[in-house]
Amino acid sequence: MEKKVAVAYCRVSTEEQANKGLSLDVQEENCVRAIKENNMCLLKVIRDEGKSAGSLKRSGMEEIMRLSIAKKIDAIYVISSDRLTRNTADHLLLRDMFRKNDVQLIYLNQPLDDSAISRTMDTILASFNEFQRMATSEKVKSTMKAKAEAGYFPTLAPIGYKNTQDKSAKERLGVNIITPDEMAPLVTELFKLYATGNFNVYDLGDLLYKKGLRTKRGEKIAPSRLYDMLKNRVYLGEIVWGGMHIKDGKHPPLIDEGTFSAVQSMLSSHSHHACRRRKYSWLLNGFLFCPDHGRRFTAEWHLDKKLAYYHCSNKHGCGRYIEASKMEEMVSDKFNDIQFTDEFIEIVTEKTKRIFYRSKKEYERQRQGFINRKTALEAKRTSAENKLFENIISDEDFSRIRKEINKEIDIIEGSLSELAERYEIQVDICQEIMQFMRDIRSAYESASPTLKRHYLAFFWERFEVLDGVIIKSVPSLLVRELLKEKQIYLKKENPQLSGNSLMFSEVILNSSLGA
């Protein structure tokens, strides 16, 4: 008589890992022994390690179901019913599936047969298994809520922090805490670089990945996740979890409020003006609107004409196509009519000088630190060379030491190069600010496409275009405030206009945000 084929199924959840009585090895040993004692053929041992029984979406359980439906097994051995599932509906589904496919379900720690009382008791135990899961879940959530309310981050630490224990904590909730890890300085750098407006998340992802900013699994952080990080107030030392917002978190912040606010302003600007990484970068994307349809303009290349055009994105068409270079020239003309006051220029100039000299001092401090480290390593290398020639160390030891020292020197030289590059960027920024204050149009014209978009976002909310002409120019909130405070003036004000309405080159500048 051919032996029946059986599989052993073992499972532990994350919470149960520490319980030796539920370990996978113990379950496997007991199930395999029972299969042999019942003179069955063991097909395989199927494991689900660290998997919750609240769902059937487990690789091991899915394999059990496939084997059952394919009628490749005759029996399933498991320690107890709570290893299969802790959901009553799923339990009944499994039990019915096994019966229909003539698969015998055998529990080692509880009886099960086809009798009415046995099946009823099995259903009751399945309900208790589900109750235990729900009760545990409620207890965990309650504890996590209490931790959050007390100012402790209650779950897996975000990037830049690590979960650790403070065994000296006076209160039980404060034992498991989060503290900055080796990536914390890179998270701080992420915020500071993004706040400058000179980088997008794609560039920062590439740059900081090379420096070591990674996910907990060591992978490159996706742009969408970088956006989430830049919005996360946990880096301010706050707790935002489960609908709660606790401002006085117990973990140290990685950034200050000013940097965070600058980043949120930059994020809002980028989102509003719909700037994305795409095949073609159109300077005015997100700034041009059709007043008839309330739609943004889009742009496209006409390869046969070797020209690019802006047009309304309404699917049924709208008016005329406008050659991109002419449209961009019209927008550029708008900067001719704006001028900062002498008083405001002086204020900004002094502020720029202070920032520049502070940055220069920090640059020189960091540069000297790197140079000192490099000098010390070079002296260490010279010492190793002397020891080699004096036969104090072997060739093998010298090669190893020199390789390690050269590697560290290469890293330092790379850091010096990056530091110098960042300093040059600061100098360029200060130069651009000074040019910007003296002649806005000239600064805009000479700027890179990326910087031009920042100038556009600084001054303008939108341009409404009809039949190839800008009929309305709506300034940014910042410019409206500067106009109100008389820190910006219009070179060509129209005396016929009154109140909050302003005229830029015979085009109405509406003081409202527009539609």
# chains A, B, ... in the order shown; residues from 1 in each chain; ligands from 1
call {"tool": "residues_around", "arguments": {"residues": "Lys231 of chain A", "least_positions_apart": "2", "cutoff": "12 Å", "atoms": "only C-alpha atoms", "output": "list of chain:residue names"}}
result
A:Leu190, A:Phe191, A:Tyr194, A:Ser224, A:Arg225, A:Leu226, A:Tyr227, A:Asp228, A:Met229, A:Arg233, A:Val234, A:Tyr235, A:Leu236, A:Val240, A:Thr259, A:Phe260, A:Ser261, A:Ala262, A:Val263, A:Gln264, A:Ser265, A:Met266, A:Leu267, A:Ser268
call {"tool": "atom_distance", "arguments": {"atom1": "atom CA of Lys36 of chain A", "atom2": "atom CA of Leu105 of chain A"}}
result
15.8 Å
call {"tool": "atom_distance", "arguments": {"atom1": "atom CA of Gln431 of chain A", "atom2": "atom CA of Leu193 of chain A"}}
result
18.5 Å
call {"tool": "residues_around", "arguments": {"residues": "Lys51 of chain A", "least_positions_apart": "6", "cutoff": "8 Å", "atoms": "only C-alpha atoms", "output": "VMD selection string"}}
result
chain A and resid 11 to 14 58
call {"tool": "select_by_dssp", "arguments": {"residues": "segment 147-313 of chain A", "states": "alpha helix (DSSP H)", "output": "MDAnalysis selection string"}}
result
chainID A and resid 147:149 184:195 201:211 223:231 257:272
call {"tool": "atom_distance", "arguments": {"atom1": "atom CA of Asp256 of chain A", "atom2": "atom CA of Thr352 of chain A"}}
result
20.6 Å
call {"tool": "closest_residue", "arguments": {"among": "A:Met434, A:Lys100, A:Thr349, A:Leu186", "to": "Lys210 of chain A", "atoms": "only C-alpha atoms"}}
result
A:Leu186
call {"tool": "closest_atom_pairs", "arguments": {"of": "segment 401-505 of chain A", "to": "segment 362-381 of chain A", "cutoff": "12 Å", "atoms": "only C-alpha atoms", "output": "tab-separated table"}}
result
residue	atom	partner	partner_atom	distance
A:Ile401	CA	A:Arg381	CA	7.7
A:Arg402	CA	A:Arg381	CA	6.3
A:Lys403	CA	A:Arg381	CA	9.7
A:Glu404	CA	A:Arg381	CA	9.6
A:Ile405	CA	A:Leu377	CA	6.3
A:Asn406	CA	A:Leu377	CA	8.4
A:Lys407	CA	A:Leu377	CA	10.3
A:Glu408	CA	A:Leu377	CA	7.9
A:Ile409	CA	A:Lys374	CA	6.0
A:Asp410	CA	A:Lys374	CA	9.2
A:Ile411	CA	A:Lys374	CA	9.7
A:Ile412	CA	A:Phe370	CA	6.3
A:Glu413	CA	A:Phe370	CA	8.1
A:Gly414	CA	A:Phe370	CA	10.2
A:Ser415	CA	A:Phe370	CA	7.8
A:Leu416	CA	A:Arg367	CA	6.5
A:Ser417	CA	A:Arg367	CA	9.7
A:Glu418	CA	A:Arg367	CA	10.4
A:Leu419	CA	A:Tyr363	CA	7.2
A:Ala420	CA	A:Tyr363	CA	8.0
A:Glu421	CA	A:Tyr363	CA	10.6
A:Arg422	CA	A:Tyr363	CA	8.9
A:Tyr423	CA	A:Tyr363	CA	6.8
A:Glu424	CA	A:Tyr363	CA	10.3
A:Ile425	CA	A:Tyr363	CA	11.8
A:Gln426	CA	A:Tyr363	CA	10.2
A:Val427	CA	A:Tyr363	CA	11.5
call {"tool": "residues_around", "arguments": {"residues": "Lys250 of chain A", "least_positions_apart": "3", "cutoff": "9 Å", "atoms": "only C-alpha atoms", "output": "PyMOL selection string"}}
result
chain A and resi 150-153+174+177-178+237-239
call {"tool": "write_last_selection", "arguments": {"atoms": "C-alpha atoms", "output": "PDB file, in the first residue's frame"}}
result
ATOM      1  CA  ALA A 150       4.758  60.733  26.863  1.00  0.00           C
ATOM      2  CA  GLY A 151       6.974  62.070  24.064  1.00  0.00           C
ATOM      3  CA  TYR A 152       8.679  58.826  23.023  1.00  0.00           C
ATOM      4  CA  PHE A 153       8.653  57.712  19.377  1.00  0.00           C
ATOM      5  CA  GLY A 174      11.224  55.493  28.321  1.00  0.00           C
ATOM      6  CA  ILE A 177      13.786  55.073  22.614  1.00  0.00           C
ATOM      7  CA  ILE A 178      15.216  56.428  19.365  1.00  0.00           C
ATOM      8  CA  GLY A 237      12.123  66.551  17.758  1.00  0.00           C
ATOM      9  CA  GLU A 238       8.335  66.232  17.599  1.00  0.00           C
ATOM     10  CA  ILE A 239       6.052  63.175  17.600  1.00  0.00           C
TER      11      ILE A 239
END
call {"tool": "residues_around", "arguments": {"residues": "Glu445 of chain A", "least_positions_apart": "6", "cutoff": "12 Å", "atoms": "only C-alpha atoms", "output": "ChimeraX atom specification"}}
result
/A:328-329,331-336,432,435-436,439,451-453,455-456
call {"tool": "write_last_selection", "arguments": {"atoms": "N, CA and C atoms", "output": "CSV table (one decimal), in the first residue's frame"}}
result
chain,number,residue,atom,x,y,z
A,328,GLU,N,8.6,83.0,-23.8
A,328,GLU,CA,9.6,83.2,-22.7
A,328,GLU,C,10.2,84.6,-22.7
A,329,GLU,N,10.3,85.2,-23.9
A,329,GLU,CA,10.7,86.6,-24.0
A,329,GLU,C,9.7,87.5,-23.5
A,331,VAL,N,7.6,86.9,-21.0
A,331,VAL,CA,7.6,86.8,-19.6
A,331,VAL,C,8.9,87.5,-19.1
A,332,SER,N,10.0,87.4,-19.8
A,332,SER,CA,11.2,88.1,-19.4
A,332,SER,C,11.0,89.6,-19.3
A,333,ASP,N,10.2,90.1,-20.3
A,333,ASP,CA,9.9,91.5,-20.3
A,333,ASP,C,9.2,92.0,-19.0
A,334,LYS,N,8.5,91.1,-18.3
A,334,LYS,CA,7.8,91.5,-17.1
A,334,LYS,C,8.8,92.0,-16.0
A,335,PHE,N,10.0,91.5,-16.1
A,335,PHE,CA,11.0,91.9,-15.0
A,335,PHE,C,11.5,93.3,-15.2
A,336,ASN,N,11.3,93.9,-16.4
A,336,ASN,CA,11.7,95.3,-16.7
A,336,ASN,C,11.1,96.3,-15.8
A,432,GLU,N,25.2,86.3,-7.4
A,432,GLU,CA,23.9,86.4,-8.1
A,432,GLU,C,22.9,87.3,-7.3
A,435,GLN,N,23.8,90.9,-8.1
A,435,GLN,CA,23.3,91.3,-9.4
A,435,GLN,C,21.8,91.4,-9.4
A,436,PHE,N,21.1,90.5,-8.7
A,436,PHE,CA,19.7,90.4,-8.7
A,436,PHE,C,19.1,91.7,-8.1
A,439,ASP,N,19.8,94.7,-10.8
A,439,ASP,CA,19.1,94.7,-12.0
A,439,ASP,C,18.4,93.4,-12.2
A,451,LEU,N,17.7,78.3,-12.0
A,451,LEU,CA,17.6,79.6,-11.2
A,451,LEU,C,16.5,80.5,-11.7
A,452,LYS,N,16.3,80.5,-13.1
A,452,LYS,CA,15.2,81.3,-13.7
A,452,LYS,C,13.9,80.9,-13.1
A,453,ARG,N,13.7,79.6,-12.9
A,453,ARG,CA,12.4,79.1,-12.3
A,453,ARG,C,12.3,79.6,-10.9
A,455,TYR,N,13.5,82.5,-9.8
A,455,TYR,CA,13.2,83.9,-9.9
A,455,TYR,C,11.7,84.0,-10.3
A,456,LEU,N,11.2,83.2,-11.2
A,456,LEU,CA,9.8,83.2,-11.5
A,456,LEU,C,8.9,83.0,-10.3
call {"tool": "residues_around", "arguments": {"residues": "Pro111 of chain A", "least_positions_apart": "6", "cutoff": "10 Å", "atoms": "only C-alpha atoms", "output": "ChimeraX atom specification"}}
result
/A:80,118-119,121-122
call {"tool": "residues_around", "arguments": {"residues": "segment 108-110 of chain A", "least_positions_apart": "2", "cutoff": "12 Å", "atoms": "only C-alpha atoms", "output": "ChimeraX atom specification"}}
result
/A:8-10,27-35,76-83,105-106,112-113,118-119,121-122,125-126
